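Visitor: Just one file: data-v9.pdb, with PDB, N, CA and C atoms.
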MODEL        1
ATOM      1  N   MET A   1       5.889  45.235  20.988  1.00  0.00           N
ATOM      2  CA  MET A   1       6.269  45.491  22.350  1.00  0.00           C
ATOM      3  C   MET A   1       5.591  46.766  22.851  1.00  0.00           C
ATOM      4  N   VAL A   2       5.028  46.698  24.044  1.00  0.00           N
ATOM      5  CA  VAL A   2       4.359  47.852  24.623  1.00  0.00           C
ATOM      6  C   VAL A   2       5.400  48.653  25.401  1.00  0.00           C
ATOM      7  N   GLU A   3       5.414  49.965  25.163  1.00  0.00           N
ATOM      8  CA  GLU A   3       6.371  50.816  25.860  1.00  0.00           C
ATOM      9  C   GLU A   3       5.826  51.191  27.231  1.00  0.00           C
ATOM     10  N   GLU A   4       6.657  51.035  28.239  1.00  0.00           N
ATOM     11  CA  GLU A   4       6.244  51.318  29.608  1.00  0.00           C
ATOM     12  C   GLU A   4       6.376  52.827  29.888  1.00  0.00           C
ATOM     13  N   PRO A   5       5.386  53.417  30.551  1.00  0.00           N
ATOM     14  CA  PRO A   5       5.488  54.853  30.856  1.00  0.00           C
ATOM     15  C   PRO A   5       6.564  55.096  31.926  1.00  0.00           C
ATOM     16  N   PRO A   6       7.204  56.261  31.916  1.00  0.00           N
ATOM     17  CA  PRO A   6       8.244  56.537  32.919  1.00  0.00           C
ATOM     18  C   PRO A   6       7.640  56.706  34.309  1.00  0.00           C
ATOM     19  N   PHE A   7       8.483  56.525  35.326  1.00  0.00           N
ATOM     20  CA  PHE A   7       8.023  56.670  36.700  1.00  0.00           C
ATOM     21  C   PHE A   7       7.656  58.113  37.012  1.00  0.00           C
ATOM     22  N   ARG A   8       8.455  59.034  36.515  1.00  0.00           N
ATOM     23  CA  ARG A   8       8.211  60.463  36.741  1.00  0.00           C
ATOM     24  C   ARG A   8       8.211  61.170  35.396  1.00  0.00           C
ATOM     25  N   PRO A   9       7.474  62.243  35.290  1.00  0.00           N
ATOM     26  CA  PRO A   9       7.523  63.019  34.045  1.00  0.00           C
ATOM     27  C   PRO A   9       8.918  63.615  33.828  1.00  0.00           C
ATOM     28  N   ARG A  10       9.292  63.772  32.574  1.00  0.00           N
ATOM     29  CA  ARG A  10      10.626  64.286  32.232  1.00  0.00           C
ATOM     30  C   ARG A  10      10.853  65.687  32.802  1.00  0.00           C
ATOM     31  N   GLU A  11       9.808  66.515  32.850  1.00  0.00           N
ATOM     32  CA  GLU A  11       9.954  67.880  33.357  1.00  0.00           C
ATOM     33  C   GLU A  11      10.367  67.875  34.837  1.00  0.00           C
ATOM     34  N   LYS A  12       9.752  66.981  35.621  1.00  0.00           N
ATOM     35  CA  LYS A  12      10.092  66.903  37.037  1.00  0.00           C
ATOM     36  C   LYS A  12      11.531  66.419  37.220  1.00  0.00           C
ATOM     37  N   LEU A  13      11.955  65.474  36.389  1.00  0.00           N
ATOM     38  CA  LEU A  13      13.329  64.988  36.461  1.00  0.00           C
ATOM     39  C   LEU A  13      14.322  66.108  36.174  1.00  0.00           C
ATOM     40  N   ILE A  14      14.063  66.881  35.146  1.00  0.00           N
ATOM     41  CA  ILE A  14      14.956  67.979  34.782  1.00  0.00           C
ATOM     42  C   ILE A  14      14.985  69.024  35.901  1.00  0.00           C
ATOM     43  N   GLU A  15      13.824  69.283  36.508  1.00  0.00           N
ATOM     44  CA  GLU A  15      13.749  70.244  37.612  1.00  0.00           C
ATOM     45  C   GLU A  15      14.587  69.771  38.802  1.00  0.00           C
ATOM     46  N   LYS A  16      14.468  68.485  39.152  1.00  0.00           N
ATOM     47  CA  LYS A  16      15.252  67.928  40.260  1.00  0.00           C
ATOM     48  C   LYS A  16      16.746  67.963  39.945  1.00  0.00           C
ATOM     49  N   GLN A  17      17.115  67.641  38.694  1.00  0.00           N
ATOM     50  CA  GLN A  17      18.516  67.670  38.293  1.00  0.00           C
ATOM     51  C   GLN A  17      19.099  69.061  38.474  1.00  0.00           C
ATOM     52  N   LYS A  18      18.378  70.074  38.044  1.00  0.00           N
ATOM     53  CA  LYS A  18      18.865  71.447  38.161  1.00  0.00           C
ATOM     54  C   LYS A  18      19.017  71.835  39.635  1.00  0.00           C
ATOM     55  N   MET A  19      18.069  71.400  40.464  1.00  0.00           N
ATOM     56  CA  MET A  19      18.135  71.717  41.880  1.00  0.00           C
ATOM     57  C   MET A  19      19.376  71.081  42.509  1.00  0.00           C
ATOM     58  N   PHE A  20      19.636  69.799  42.223  1.00  0.00           N
ATOM     59  CA  PHE A  20      20.784  69.108  42.805  1.00  0.00           C
ATOM     60  C   PHE A  20      22.098  69.646  42.258  1.00  0.00           C
ATOM     61  N   GLN A  21      22.135  70.051  41.004  1.00  0.00           N
ATOM     62  CA  GLN A  21      23.371  70.566  40.426  1.00  0.00           C
ATOM     63  C   GLN A  21      23.684  71.969  40.912  1.00  0.00           C
ATOM     64  N   SER A  22      22.679  72.711  41.382  1.00  0.00           N
ATOM     65  CA  SER A  22      22.918  74.073  41.839  1.00  0.00           C
ATOM     66  C   SER A  22      23.425  74.129  43.281  1.00  0.00           C
ATOM     67  N   ILE A  23      23.231  73.061  44.059  1.00  0.00           N
ATOM     68  CA  ILE A  23      23.670  73.041  45.454  1.00  0.00           C
ATOM     69  C   ILE A  23      25.168  72.790  45.496  1.00  0.00           C
ATOM     70  N   HIS A  24      25.898  73.617  46.244  1.00  0.00           N
ATOM     71  CA  HIS A  24      27.346  73.465  46.329  1.00  0.00           C
ATOM     72  C   HIS A  24      27.726  72.782  47.638  1.00  0.00           C
ATOM     73  N   LYS A  25      27.312  71.555  47.774  1.00  0.00           N
ATOM     74  CA  LYS A  25      27.663  70.722  48.919  1.00  0.00           C
ATOM     75  C   LYS A  25      28.176  69.404  48.368  1.00  0.00           C
ATOM     76  N   PRO A  26      28.813  68.584  49.205  1.00  0.00           N
ATOM     77  CA  PRO A  26      29.182  67.251  48.734  1.00  0.00           C
ATOM     78  C   PRO A  26      27.935  66.454  48.349  1.00  0.00           C
ATOM     79  N   THR A  27      28.102  65.521  47.469  1.00  0.00           N
ATOM     80  CA  THR A  27      26.970  64.751  46.944  1.00  0.00           C
ATOM     81  C   THR A  27      26.170  64.074  48.044  1.00  0.00           C
ATOM     82  N   TYR A  28      26.838  63.548  49.077  1.00  0.00           N
ATOM     83  CA  TYR A  28      26.138  62.792  50.104  1.00  0.00           C
ATOM     84  C   TYR A  28      25.383  63.685  51.085  1.00  0.00           C
ATOM     85  N   LEU A  29      25.459  65.013  50.963  1.00  0.00           N
ATOM     86  CA  LEU A  29      24.713  65.909  51.851  1.00  0.00           C
ATOM     87  C   LEU A  29      23.655  66.718  51.119  1.00  0.00           C
ATOM     88  N   LYS A  30      23.331  66.362  49.887  1.00  0.00           N
ATOM     89  CA  LYS A  30      22.407  67.176  49.109  1.00  0.00           C
ATOM     90  C   LYS A  30      20.938  66.919  49.427  1.00  0.00           C
ATOM     91  N   GLY A  31      20.589  65.732  49.870  1.00  0.00           N
ATOM     92  CA  GLY A  31      19.191  65.417  50.150  1.00  0.00           C
ATOM     93  C   GLY A  31      18.728  66.022  51.462  1.00  0.00           C
ATOM     94  N   PRO A  32      17.417  66.061  51.692  1.00  0.00           N
ATOM     95  CA  PRO A  32      16.889  66.688  52.903  1.00  0.00           C
ATOM     96  C   PRO A  32      17.154  65.887  54.180  1.00  0.00           C
ATOM     97  N   MET A  33      17.224  64.569  54.085  1.00  0.00           N
ATOM     98  CA  MET A  33      17.420  63.742  55.275  1.00  0.00           C
ATOM     99  C   MET A  33      18.832  63.170  55.360  1.00  0.00           C
ATOM    100  N   ASP A  34      19.756  63.664  54.563  1.00  0.00           N
ATOM    101  CA  ASP A  34      21.089  63.084  54.509  1.00  0.00           C
ATOM    102  C   ASP A  34      21.947  63.431  55.718  1.00  0.00           C
ATOM    103  N   LYS A  35      21.606  64.481  56.429  1.00  0.00           N
ATOM    104  CA  LYS A  35      22.393  64.835  57.610  1.00  0.00           C
ATOM    105  C   LYS A  35      22.239  63.774  58.700  1.00  0.00           C
ATOM    106  N   ILE A  36      21.100  63.097  58.727  1.00  0.00           N
ATOM    107  CA  ILE A  36      20.873  62.061  59.737  1.00  0.00           C
ATOM    108  C   ILE A  36      21.821  60.893  59.501  1.00  0.00           C
ATOM    109  N   THR A  37      21.927  60.455  58.246  1.00  0.00           N
ATOM    110  CA  THR A  37      22.737  59.274  57.982  1.00  0.00           C
ATOM    111  C   THR A  37      24.224  59.569  57.956  1.00  0.00           C
ATOM    112  N   SER A  38      24.618  60.790  57.615  1.00  0.00           N
ATOM    113  CA  SER A  38      26.040  61.047  57.490  1.00  0.00           C
ATOM    114  C   SER A  38      26.633  61.757  58.704  1.00  0.00           C
ATOM    115  N   ILE A  39      25.820  62.248  59.615  1.00  0.00           N
ATOM    116  CA  ILE A  39      26.352  62.951  60.789  1.00  0.00           C
ATOM    117  C   ILE A  39      25.850  62.311  62.087  1.00  0.00           C
ATOM    118  N   ALA A  40      24.555  62.166  62.231  1.00  0.00           N
ATOM    119  CA  ALA A  40      23.983  61.728  63.508  1.00  0.00           C
ATOM    120  C   ALA A  40      24.344  60.278  63.843  1.00  0.00           C
ATOM    121  N   ILE A  41      24.253  59.387  62.889  1.00  0.00           N
ATOM    122  CA  ILE A  41      24.525  57.967  63.170  1.00  0.00           C
ATOM    123  C   ILE A  41      25.998  57.741  63.524  1.00  0.00           C
ATOM    124  N   PRO A  42      26.977  58.291  62.762  1.00  0.00           N
ATOM    125  CA  PRO A  42      28.372  58.112  63.182  1.00  0.00           C
ATOM    126  C   PRO A  42      28.688  58.739  64.541  1.00  0.00           C
ATOM    127  N   VAL A  43      28.094  59.893  64.838  1.00  0.00           N
ATOM    128  CA  VAL A  43      28.324  60.518  66.142  1.00  0.00           C
ATOM    129  C   VAL A  43      27.766  59.638  67.258  1.00  0.00           C
ATOM    130  N   ALA A  44      26.592  59.057  67.044  1.00  0.00           N
ATOM    131  CA  ALA A  44      26.001  58.169  68.049  1.00  0.00           C
ATOM    132  C   ALA A  44      26.863  56.923  68.257  1.00  0.00           C
ATOM    133  N   LEU A  45      27.374  56.353  67.167  1.00  0.00           N
ATOM    134  CA  LEU A  45      28.237  55.169  67.290  1.00  0.00           C
ATOM    135  C   LEU A  45      29.536  55.509  68.015  1.00  0.00           C
ATOM    136  N   ALA A  46      30.129  56.643  67.686  1.00  0.00           N
ATOM    137  CA  ALA A  46      31.372  57.042  68.353  1.00  0.00           C
ATOM    138  C   ALA A  46      31.127  57.314  69.834  1.00  0.00           C
ATOM    139  N   GLY A  47      30.028  57.986  70.155  1.00  0.00           N
ATOM    140  CA  GLY A  47      29.716  58.266  71.556  1.00  0.00           C
ATOM    141  C   GLY A  47      29.498  57.007  72.370  1.00  0.00           C
ATOM    142  N   SER A  48      28.750  56.061  71.810  1.00  0.00           N
ATOM    143  CA  SER A  48      28.493  54.824  72.559  1.00  0.00           C
ATOM    144  C   SER A  48      29.767  53.999  72.713  1.00  0.00           C
ATOM    145  N   SER A  49      30.641  53.995  71.700  1.00  0.00           N
ATOM    146  CA  SER A  49      31.885  53.224  71.826  1.00  0.00           C
ATOM    147  C   SER A  49      32.818  53.864  72.849  1.00  0.00           C
ATOM    148  N   ILE A  50      32.884  55.193  72.892  1.00  0.00           N
ATOM    149  CA  ILE A  50      33.720  55.858  73.901  1.00  0.00           C
ATOM    150  C   ILE A  50      33.192  55.570  75.302  1.00  0.00           C
ATOM    151  N   TYR A  51      31.872  55.566  75.462  1.00  0.00           N
ATOM    152  CA  TYR A  51      31.279  55.248  76.766  1.00  0.00           C
ATOM    153  C   TYR A  51      31.636  53.827  77.195  1.00  0.00           C
ATOM    154  N   LEU A  52      31.499  52.867  76.270  1.00  0.00           N
ATOM    155  CA  LEU A  52      31.781  51.470  76.624  1.00  0.00           C
ATOM    156  C   LEU A  52      33.261  51.248  76.924  1.00  0.00           C
ATOM    157  N   ILE A  53      34.131  51.902  76.175  1.00  0.00           N
ATOM    158  CA  ILE A  53      35.562  51.779  76.451  1.00  0.00           C
ATOM    159  C   ILE A  53      35.888  52.382  77.816  1.00  0.00           C
ATOM    160  N   GLY A  54      35.325  53.542  78.120  1.00  0.00           N
ATOM    161  CA  GLY A  54      35.544  54.173  79.421  1.00  0.00           C
ATOM    162  C   GLY A  54      35.040  53.311  80.562  1.00  0.00           C
ATOM    163  N   ARG A  55      33.878  52.720  80.378  1.00  0.00           N
ATOM    164  CA  ARG A  55      33.333  51.845  81.421  1.00  0.00           C
ATOM    165  C   ARG A  55      34.208  50.620  81.629  1.00  0.00           C
ATOM    166  N   GLY A  56      34.734  50.077  80.534  1.00  0.00           N
ATOM    167  CA  GLY A  56      35.614  48.917  80.650  1.00  0.00           C
ATOM    168  C   GLY A  56      36.904  49.249  81.369  1.00  0.00           C
ATOM    169  N   ILE A  57      37.475  50.404  81.057  1.00  0.00           N
ATOM    170  CA  ILE A  57      38.710  50.818  81.737  1.00  0.00           C
ATOM    171  C   ILE A  57      38.449  51.037  83.222  1.00  0.00           C
ATOM    172  N   TYR A  58      37.326  51.660  83.553  1.00  0.00           N
ATOM    173  CA  TYR A  58      36.971  51.884  84.959  1.00  0.00           C
ATOM    174  C   TYR A  58      36.809  50.550  85.691  1.00  0.00           C
ATOM    175  N   ASN A  59      36.097  49.624  85.071  1.00  0.00           N
ATOM    176  CA  ASN A  59      35.870  48.326  85.712  1.00  0.00           C
ATOM    177  C   ASN A  59      37.175  47.564  85.895  1.00  0.00           C
ATOM    178  N   MET A  60      38.067  47.639  84.896  1.00  0.00           N
ATOM    179  CA  MET A  60      39.348  46.935  85.038  1.00  0.00           C
ATOM    180  C   MET A  60      40.207  47.563  86.129  1.00  0.00           C
ATOM    181  N   SER A  61      40.208  48.882  86.218  1.00  0.00           N
ATOM    182  CA  SER A  61      41.071  49.527  87.210  1.00  0.00           C
ATOM    183  C   SER A  61      40.560  49.333  88.633  1.00  0.00           C
ATOM    184  N   HIS A  62      39.259  49.102  88.809  1.00  0.00           N
ATOM    185  CA  HIS A  62      38.697  48.880  90.137  1.00  0.00           C
ATOM    186  C   HIS A  62      38.416  47.399  90.432  1.00  0.00           C
ATOM    187  N   GLY A  63      38.696  46.535  89.495  1.00  0.00           N
ATOM    188  CA  GLY A  63      38.496  45.107  89.719  1.00  0.00           C
ATOM    189  C   GLY A  63      37.057  44.685  89.761  1.00  0.00           C
ATOM    190  N   ILE A  64      36.188  45.410  89.120  1.00  0.00           N
ATOM    191  CA  ILE A  64      34.752  45.086  89.124  1.00  0.00           C
ATOM    192  C   ILE A  64      34.480  44.050  88.033  1.00  0.00           C
ATOM    193  N   GLY A  65      33.690  43.053  88.381  1.00  0.00           N
ATOM    194  CA  GLY A  65      33.284  42.046  87.409  1.00  0.00           C
ATOM    195  C   GLY A  65      34.327  40.965  87.170  1.00  0.00           C
ATOM    196  N   LYS A  66      35.277  40.838  88.055  1.00  0.00           N
ATOM    197  CA  LYS A  66      36.319  39.836  87.915  1.00  0.00           C
ATOM    198  C   LYS A  66      35.762  38.470  88.310  1.00  0.00           C
ATOM    199  N   LYS A  67      36.160  37.451  87.576  1.00  0.00           N
ATOM    200  CA  LYS A  67      35.768  36.100  87.954  1.00  0.00           C
ATOM    201  C   LYS A  67      36.797  35.557  88.945  1.00  0.00           C
ATOM    202  N   GLU A  68      36.312  34.812  89.921  1.00  0.00           N
ATOM    203  CA  GLU A  68      37.208  34.332  90.966  1.00  0.00           C
ATOM    204  C   GLU A  68      37.792  32.991  90.641  1.00  0.00           C
TER     205      GLU A  68
ENDMDL
END
For the structure just supplied, provide its representation as structure tokens.
Guide:
Amino acid sequence: MVEEPPFRPREKLIEKQKMFQSIHKPTYLKGPMDKITSIAIPVALAGSSIYLIGRGIYNMSHGIGKKE
């Protein structure tokens, strides 16, 4: 059986492990782009849902879009 070489050298893996273990943040915020997925996307979804709910309440209270 031929042994497959690793994807990354062991030294780089150990270096990355030490870097991630030294950061005192929650696990899901340790990467460089993790703020986008854990903060920006939920805020955008909440903002758009509040806008749509507000628009629906406005339309219902003024009778806009009613079928006759």
Visitor: Run DSSP on the backbone and give me the residues of chain A it puts in helix (DSSP H, G or I), as a ChimeraX atom specification.
Guide: /A:10-22,27-29,34-62
Visitor: Just the number, please: distance in Å from atom CA of A:Ser38 to atom CA of A:Pro26, one decimal.
Guide: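 It comes out at 11.2 Å.
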Visitor: How many Å lie between atom N of A:Phe7 and atom C of A:Ile23, rounded to one decimal?
Guide: 25.4 Å
Visitor: One decimal, Å: what's the distance from atom C of A:Gly54 over to atom N of A:Ile36, could you say?
Guide: 27.7 Å
